[in-house]
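Structure, as C-alpha cells:
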Amino acid sequence: MKKIIYLCIATIAISSCGDGKIMSVDDLIAEGNLEALRTKKSELSKEQKALNAQLHQLDSVIATFKGNEKLPLVTTIVAKADTFEHYLELQGDVKTKQNVLIYPEMAGTLKKVYVKKGDKVNKGQLLASIDDGGMTSQLAQLKTQAALAQTTFERQQKLWEQKIGSEIQYLQAKSNYEASESAVKQAQSQLGKATLRAPFSGIIDDVIKDQGTVVSPGPGSEVFRIVNLSNMYIEVDVPESYLGNVKKGKEAIVYFPILGDTIVSKIRQTGNFINPGNRAFSAEIPVPNGKGNIKPNLTAKVSLNDYTNEKAITIPQSIISENADGEQYVYIATPSEKENEALIKRQIITTGRTQGSMVEILSGIANGDQLIKEGARSVKDGQNVQILNSSSNE
C-alpha cells in the first residue's frame, strides 16, 4: 500500500510543474517557493485520502470471496457402532444368611467358654458347656442298668429259642431292655443340651455371656453371635417396570463407598412376588469376600444391567441441541474438496437410553458420520467450517 502511495505522489509532483515543465518535489524544495510548497502539500494530502479509501474498498471486496473468508473453527467426532450397556442404579445393604445368635437349650450355670471373640470355628465345634446338675452321673447309672437289661434279655432269648422258660419271661426281658435303651438315649439327648456347638463354620462375632453366668432358654439369654462372612449377598428392591429386563444371570456392579472398592458379580436370583407397598420385586446378588473386609449391613451401590445393544451408536450428550418444537438435533459435517473444510447440515435425531454422558442414537445418524463436537453451539445449518481435528467417538 505504501509503495502505491509514494508512486502516486511522485507522479503528481512531476505533472504539477507549470508551462509543461515537469518538476519533482525535490525541485520545488530547491526552488524555495513557500506558497508552491504549501499548495503541493495540500494536493498530495487529498490524493492520499482518496487512495486510502480505494484500498479499503478493495480489501472489503476481496474478503467476500469464499476462498479467503474466515471460517468458524470446529472439532468433530466420528460416529461409531459399538456395544452399549445400560445399568439401573439401586442401593442395598450387605446381608448373610448365616448370621445367628446361639441360645442355651437348658437352664444352668455357664461352666466353661471355649472360644473368644474373633475366633474362627468349624461346624459342630464345642463353644461352651453348662453345668448339667448331675446328669452325667445319672446317664452313667442308666447305661449300667441298660447293660444289665441287655444281658438278661440275651440270656432269656437263648432259653426261649431252646423252648426253655415261658414266653412272658422272654417278653418282659425284651421290654426291660428296650426301655433301658430308650432311657439312655433320652438322657444323652438331654445331656447334649448342656453343650453349645457351632451350627456352621464361621467367626465368633461376639461372646455375649461370660463364664459363670446363669443362663436359661428364651429371649435375652443368647450366649454367642456367629457369622459366616464367606457367604455374603446384597438384596435390592427393583421397580416392577424392570421385571422383563432384570433377570437371573445379568451383570451386577457393586460399589462400596466406605471401602472405595468395586466388585463385579451376577444376579443369583430374583423374587417371584411384587411387594404391594413399593411395587418392587427383590434381586439377590452374591458378594465374594476374599479380603474379609465386607461386613453385614454395609451399604452398597448396585448397578444392574437391564439393557444391552451390541451395535449401538452413542454420542456425547453435550453435542445434542433441541429446537423450538422439542426435536433433538446434531450437526453433521460433509468434507469439501479443500483440506480441513466441510459443509455442515443440521440433522434431526431420535435418542434412546442414556448412560453417564453418552446417549444411544436410534435414528438420524449412521455409522461413520462426522459430527460437530466443539463449536456446535455457534454454527448454522448450511455453513462452511474449518475442522481442526477429527477423532473417534470414545
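Chain labels follow the order of the C-alpha cells: the first chain is A, the next B, and so on; residue numbering restarts at 1 in every chain, and ligands are counted from 1 in their shown order.
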
Worksheet item: Got a sec: who's within 10 Å of Asp206 (chain A), counting only C-alpha atoms, leaving out chain neighbours fewer than 3 positions off, as a PyMOL selection string?
Response: chain A and resi 101+116-119+203+209+223-227

Practice prompt. Pick out the residues sitting within 9 Å of Arg279 (chain A), and hand them over as a PyMOL selection string; count only C-alpha atoms, and ignore anything fewer than 2 positions along from it in its own chain.
Written response: chain A and resi 238-241+274-277+281

Worksheet item: Quick one: residues within 7 Å of Ile319 (chain A), only C-alpha atoms counted, chain neighbours fewer than 2 positions away excluded, as a ChimeraX atom specification?
Response: /A:316-317,321,330,373,376

Item to complete: Check the DSSP output for the backbone and give back, as a PyMOL selection string, the residues of region 13-231 of chain A in strand (DSSP E or B).
Response: chain A and resi 73-78+81-96+99-102+108-113+120-121+126-130+195-197+202-207+214-215+224-227

Would you pick out the contacts of Lys311 (chain A) at 9 Å or less, using only C-alpha atoms, so that residues sharing its chain but fewer than 5 positions from it are not included, and give the list as a CSV table (one decimal) with C-alpha atoms, in the first residue's frame?
chain,number,residue,atom,x,y,z
A,81,ALA,CA,-21.2,-48.5,16.3
A,82,ASP,CA,-20.3,-50.3,19.5
A,83,THR,CA,-21.7,-52.3,22.4
A,84,PHE,CA,-23.9,-50.1,24.6

Worksheet item: Could you state the separation of CA of Glu161 (chain A) and CA of Leu148 (chain A) in Å, given to one decimal place?
Response: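 Value for the CA of Glu161 (chain A)-CA of Leu148 (chain A) distance: 20.1 Å.
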
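In terms of minimum interatomic distance to Ile361 (chain A), A:Ala312 ranks closest within A:Val236, A:Val287, A:Ala312, A:Ile102, counting only C-alpha atoms.
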
Worksheet item: So what do you get for CA of Glu105 (chain A) versus CA of Pro219 (chain A), distance-wise?
Response: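 Value for the CA of Glu105 (chain A)-CA of Pro219 (chain A) distance: 11.5 Å.
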
Worksheet item: Between A:Ala366, A:Ile332, A:Ala107, A:Ile204, which one has atoms that come closest to Asn122 (chain A), using only C-alpha atoms?
Response: A:Ile204

Worksheet item: Got a sec: who's within 6 Å of Val254 (chain A), counting only C-alpha atoms, leaving out chain neighbours fewer than 6 positions off, as a list of chain:residue names?
Response: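 Counting only the stated atoms, we get A:Thr262, A:Ile263, A:Lys301, A:Val302.
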
Output all heavy atoms for every residue in that selection, as a JSON list (two decimals), in the first residue's frame.
[["chain", "number", "residue", "atom", "x", "y", "z"],
["A", 262, "THR", "N", -14.85, -51.82, 44.29],
["A", 262, "THR", "CA", -15.89, -52.26, 43.36],
["A", 262, "THR", "C", -15.68, -53.72, 42.99],
["A", 262, "THR", "O", -14.55, -54.14, 42.73],
["A", 262, "THR", "CB", -15.89, -51.40, 42.08],
["A", 262, "THR", "OG1", -16.11, -50.03, 42.41],
["A", 262, "THR", "CG2", -16.97, -51.86, 41.11],
["A", 263, "ILE", "N", -16.76, -54.48, 42.97],
["A", 263, "ILE", "CA", -16.68, -55.87, 42.52],
["A", 263, "ILE", "C", -17.74, -56.10, 41.46],
["A", 263, "ILE", "O", -18.76, -55.41, 41.42],
["A", 263, "ILE", "CB", -16.88, -56.87, 43.68],
["A", 263, "ILE", "CG1", -18.28, -56.72, 44.27],
["A", 263, "ILE", "CG2", -15.83, -56.70, 44.75],
["A", 263, "ILE", "CD1", -18.63, -57.82, 45.26],
["A", 301, "LYS", "N", -23.77, -49.49, 46.58],
["A", 301, "LYS", "CA", -24.48, -49.00, 45.41],
["A", 301, "LYS", "C", -24.39, -50.08, 44.33],
["A", 301, "LYS", "O", -23.30, -50.51, 43.97],
["A", 301, "LYS", "CB", -23.86, -47.69, 44.92],
["A", 301, "LYS", "CG", -24.03, -46.53, 45.89],
["A", 301, "LYS", "CD", -23.43, -45.25, 45.32],
["A", 301, "LYS", "CE", -23.65, -44.08, 46.29],
["A", 301, "LYS", "NZ", -23.06, -42.82, 45.75],
["A", 302, "VAL", "N", -25.55, -50.48, 43.84],
["A", 302, "VAL", "CA", -25.62, -51.61, 42.91],
["A", 302, "VAL", "C", -26.10, -51.13, 41.54],
["A", 302, "VAL", "O", -27.11, -50.43, 41.45],
["A", 302, "VAL", "CB", -26.56, -52.71, 43.44],
["A", 302, "VAL", "CG1", -26.59, -53.89, 42.49],
["A", 302, "VAL", "CG2", -26.14, -53.14, 44.84]]

Discussion item. Using only C-alpha atoms for the distances, tell me which of A:Ala194, A:Leu259, A:Val246, A:Leu362 is nearest to Lys291 (chain A).
Written reply: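 Ranking A:Ala194, A:Leu259, A:Val246, A:Leu362 by distance to Lys291 (chain A), first place goes to A:Leu259.
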
Item to complete: Point out the residue among A:Gln125, A:Gln211, A:Asn231, A:Asn297 with the least atom-to-atom distance to Gly92 (chain A), counting only C-alpha atoms.
Response: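 Closest to Gly92 (chain A), using only C-alpha atoms: A:Asn297.
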
Extract, using only C-alpha atoms, all DNA, RNA and protein residues at most 8 Å from Ser201 (chain A), discarding same-chain residues fewer than 3 positions from it, and format them as a compact mmCIF listing (two decimals) with C-alpha atoms, in the first residue's frame.
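After the write, around03.txt holds the following:
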# COMPACT_ATOMS: atom_id res chain seq x y z
CA LYS A 120 -12.81 -68.97 63.53
CA VAL A 121 -14.81 -72.10 64.29
CA ASN A 122 -15.93 -75.15 62.34
CA LYS A 123 -19.40 -76.63 62.15
CA ALA A 198 -21.31 -74.11 66.18
CA ASN A 228 -20.17 -66.62 58.15

Worksheet item: Using only C-alpha atoms, which residue out of A:Thr39, A:Gln370, A:Thr213, A:Gln172 lies closest to Ile130 (chain A)?
Response: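 Using only C-alpha atoms, the shortest distance to Ile130 (chain A) belongs to A:Thr213.
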
Worksheet entry | Point-to-point distance from CA of Ser216 (chain A) to CA of Gln186 (chain A), Å rounded to tenths | 19.9 Å

Worksheet item: Leaving out Lys80 (chain A) and any residue of its chain fewer than 2 positions from it, which residues lie within 6 Å of it when counting only C-alpha atoms, given as a PyMOL selection string?
Response: chain A and resi 313+367-368

Would you put the residues from that selection into a file with N, CA and C atoms, as a PDB file, in the first residue's frame?
ATOM      1  N   ILE A 313     -25.059 -46.884  18.236  1.00  0.00           N
ATOM      2  CA  ILE A 313     -24.281 -45.662  18.030  1.00  0.00           C
ATOM      3  C   ILE A 313     -24.560 -44.751  19.214  1.00  0.00           C
ATOM      4  N   ASN A 367     -23.390 -45.039  11.006  1.00  0.00           N
ATOM      5  CA  ASN A 367     -22.017 -45.381  11.387  1.00  0.00           C
ATOM      6  C   ASN A 367     -21.031 -44.686  10.439  1.00  0.00           C
ATOM      7  N   GLY A 368     -20.083 -43.949  10.985  1.00  0.00           N
ATOM      8  CA  GLY A 368     -19.082 -43.239  10.186  1.00  0.00           C
ATOM      9  C   GLY A 368     -19.378 -41.767   9.965  1.00  0.00           C
TER      10      GLY A 368
END

Discussion item. I need the helix (DSSP H, G or I) residues of region 112-301 of chain A per DSSP on the backbone, written as a count of residues only.
Written reply: 56

Discussion item. Measuring between only C-alpha atoms, which one of A:Tyr255, A:Phe153, A:Tyr242, A:Tyr103 shows the shortest distance to Glu222 (chain A)?
Written reply: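 Under the stated criterion, the closest residue is A:Tyr103.
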